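Colleague: Below is my_file.csv; it holds CSV, C-alpha atoms.
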chain,number,residue,atom,x,y,z
H,22,MET,CA,103.5,217.3,45.9
H,23,SER,CA,105.0,219.8,43.5
H,24,PRO,CA,108.2,218.6,41.7
H,25,ARG,CA,110.1,221.7,42.9
H,26,TYR,CA,110.0,220.5,46.5
H,27,ARG,CA,111.3,217.0,45.8
H,28,ASN,CA,114.9,217.9,45.5
H,29,GLY,CA,114.8,220.9,47.7
H,30,ASN,CA,115.1,221.5,51.4
H,31,GLN,CA,113.3,219.2,53.8
H,32,ALA,CA,111.9,222.2,55.7
H,33,GLY,CA,110.3,223.5,52.4
H,34,ARG,CA,108.6,220.1,51.9
H,35,VAL,CA,107.3,220.1,55.5
H,36,ILE,CA,105.9,223.6,55.1
H,37,ALA,CA,104.2,222.7,51.8
H,38,VAL,CA,102.6,219.6,53.3
H,39,VAL,CA,101.3,221.4,56.4
H,40,ALA,CA,99.8,224.1,54.1
H,41,ASP,CA,98.2,221.4,52.0
H,42,ILE,CA,96.7,219.6,55.0
H,43,MET,CA,95.3,222.8,56.4
H,44,ALA,CA,93.6,223.6,53.1
H,45,LEU,CA,92.4,220.0,52.8
H,46,ILE,CA,90.7,220.2,56.2
H,47,ILE,CA,89.0,223.4,55.2
H,48,GLY,CA,88.0,222.1,51.8
H,49,LEU,CA,86.6,219.0,53.4
H,50,TRP,CA,84.4,221.0,55.7
H,51,ILE,CA,83.1,223.1,52.7
H,52,LEU,CA,82.3,219.8,51.0
H,53,MET,CA,80.6,218.4,54.1
H,54,TYR,CA,78.6,221.5,54.5
H,55,LEU,CA,77.4,221.6,50.9
H,56,LEU,CA,76.5,217.9,51.1
H,57,ASP,CA,74.6,218.5,54.4
H,58,ALA,CA,76.7,216.0,56.4
H,59,ASN,CA,75.4,214.8,59.7
H,60,ARG,CA,76.7,217.3,62.3
H,61,ALA,CA,76.1,214.9,65.1
H,62,ASN,CA,78.8,212.6,63.7
H,63,ASP,CA,82.1,212.9,65.6
H,64,PHE,CA,84.2,213.0,62.5
H,65,VAL,CA,82.1,215.8,60.9
H,66,GLN,CA,82.2,217.7,64.2
H,67,PHE,CA,86.0,217.3,64.4
H,68,ILE,CA,86.4,218.6,60.8
H,69,HIS,CA,84.1,221.5,61.5
H,70,ASP,CA,85.9,222.5,64.7
H,71,SER,CA,89.3,222.2,63.0
H,72,ALA,CA,88.2,224.2,60.0
H,73,ARG,CA,86.5,226.9,62.1
H,74,TRP,CA,89.7,227.2,64.1
H,75,LEU,CA,91.9,227.4,61.0
H,76,ALA,CA,89.6,229.9,59.3
H,77,GLY,CA,88.8,231.8,62.4
H,78,TRP,CA,89.9,235.1,60.8
H,79,SER,CA,87.8,234.6,57.6
H,80,TYR,CA,84.8,232.3,58.2
H,81,ASP,CA,82.4,235.2,59.0
H,82,LEU,CA,84.1,237.8,56.8
H,83,PHE,CA,81.4,237.9,54.1
H,84,THR,CA,77.7,238.6,54.6
H,85,PHE,CA,76.0,236.9,51.7
H,86,ASP,CA,72.3,236.2,52.1
H,87,GLU,CA,72.7,232.5,51.4
H,88,ALA,CA,74.5,230.5,54.1
H,89,TRP,CA,76.2,228.2,51.6
H,90,ALA,CA,77.8,231.3,49.9
H,91,ARG,CA,79.1,232.6,53.3
H,92,VAL,CA,80.7,229.2,54.0
H,93,VAL,CA,82.2,228.8,50.6
H,94,ALA,CA,83.6,232.3,50.4
H,95,GLY,CA,84.7,232.6,54.0
H,96,TYR,CA,86.3,229.2,54.4
H,97,GLY,CA,87.4,229.1,50.8
H,98,LEU,CA,89.4,232.3,51.2
H,99,ALA,CA,91.2,230.8,54.2
H,100,ALA,CA,92.1,227.7,52.2
H,101,VAL,CA,93.4,229.7,49.2
H,102,VAL,CA,95.5,231.9,51.5
H,103,TYR,CA,97.0,229.0,53.3
H,104,LEU,CA,97.9,227.3,50.0
H,105,PHE,CA,99.3,230.5,48.5
H,106,VAL,CA,101.3,231.7,51.5
H,107,GLY,CA,102.4,228.2,52.6
H,108,HIS,CA,103.7,227.3,49.1
H,109,ALA,CA,105.3,230.8,48.7
H,110,ILE,CA,107.2,230.3,52.0
H,111,ALA,CA,108.1,226.7,51.1
H,112,GLY,CA,109.5,227.9,47.8
H,113,ARG,CA,111.6,230.6,49.5
H,114,VAL,CA,112.9,228.1,52.1
H,115,SER,CA,113.7,225.5,49.5
H,116,ARG,CA,115.9,228.0,47.5
H,117,HIS,CA,118.1,228.7,50.5
Please render this file's structure as C-alpha cells.

Modeller:
Amino acid sequence: MSPRYRNGNQAGRVIAVVADIMALIIGLWILMYLLDANRANDFVQFIHDSARWLAGWSYDLFTFDEAWARVVAGYGLAAVVYLFVGHAIAGRVSRH
C-alpha cells in the first residue's frame, strides 16, 4: 500500500484497497486468458465472471482482430481506470 495512506484516514485506505482488489481480479483474468487457463475450472470461471462484471463497460469496447488484444485492451482499460480513480478518490478522502 502506498505510504501516503498509512497515516491518513481509514476510509481512504479502504477505498484504495478495494480499487487494488478490483484491478487485481481483472489483471488475474488477463493473465489467465493469456496463459490459456482451463475455463472449466471453478476458480478460473469465478475470476472470469468477476472480471467481466467489473469490466462490463469496457471489455468489448475495442475491436482488434486478435482476441488477446481485445482482452488486454478492454479489461486492461478497466483495471487502469479503477486504479486511477480509486486512488484519486482515496487521496482526496485522506486529505480531509

Colleague: Grab the atom CA of H:Trp74 to atom CA of H:Gly97 distance for me, in Å with one decimal place.

Modeller: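 Separation of atom CA of H:Trp74 and atom CA of H:Gly97: 13.6 Å.
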
Colleague: Between H:Phe85, H:Val101, H:Leu52, H:Ala111, which has the minimum distance to H:Ala32 (counting all atoms listed in the file)?

Modeller: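 Closest residue, counting all atoms listed in the file: H:Ala111.
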
Colleague: Quote the spacing between atom CA of H:Ser71 and atom CA of H:Gly48 in Å to one decimal place.

Modeller: 11.3 Å

Colleague: Calculate how many Å separate atom CA of H:Val39 from atom CA of H:Asp81, rounding to one decimal.

Modeller: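 Atom-to-atom, atom CA of H:Val39 to atom CA of H:Asp81, that is 23.5 Å.
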
Colleague: Could you list, as JSON, numbers by chain, every residue within 9 Å of H:Arg116, counting all atoms listed in the file and ignoring same-chain residues fewer than 4 positions away?

Modeller: {"H": [29, 30, 33, 111, 112]}

Colleague: Fewer than 3 positions away in the same chain doesn't count, so skip those; otherwise give me all residues within 12 Å of H:Ile36, counting all atoms listed in the file, as a compact mmCIF listing (two decimals) with C-alpha atoms, in the coordinates of the input.

Modeller:
# COMPACT_ATOMS: atom_id res chain seq x y z
CA MET H 22 103.50 217.30 45.90
CA TYR H 26 110.00 220.50 46.50
CA GLY H 29 114.80 220.90 47.70
CA ASN H 30 115.10 221.50 51.40
CA GLN H 31 113.30 219.20 53.80
CA ALA H 32 111.90 222.20 55.70
CA GLY H 33 110.30 223.50 52.40
CA VAL H 39 101.30 221.40 56.40
CA ALA H 40 99.80 224.10 54.10
CA ASP H 41 98.20 221.40 52.00
CA ILE H 42 96.70 219.60 55.00
CA MET H 43 95.30 222.80 56.40
CA TYR H 103 97.00 229.00 53.30
CA LEU H 104 97.90 227.30 50.00
CA PHE H 105 99.30 230.50 48.50
CA VAL H 106 101.30 231.70 51.50
CA GLY H 107 102.40 228.20 52.60
CA HIS H 108 103.70 227.30 49.10
CA ALA H 109 105.30 230.80 48.70
CA ILE H 110 107.20 230.30 52.00
CA ALA H 111 108.10 226.70 51.10
CA GLY H 112 109.50 227.90 47.80
CA ARG H 113 111.60 230.60 49.50
CA VAL H 114 112.90 228.10 52.10
CA SER H 115 113.70 225.50 49.50

Colleague: Name the closest residue to H:Arg91 among the candidates H:Leu49, H:Ile68, H:Leu55, H:Val38; distances are taken between atoms, counting only C-alpha atoms.

Modeller: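 For H:Arg91, the nearest of the given residues is H:Leu55.
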
Colleague: For a cut-off of 10 Å around (77.6, 224.6, 54.5), file coordinates, pick out all residues using all atoms listed in the file and list them as an NGL selection string.

Modeller: :H and (50-58 or 87-93 or 96)
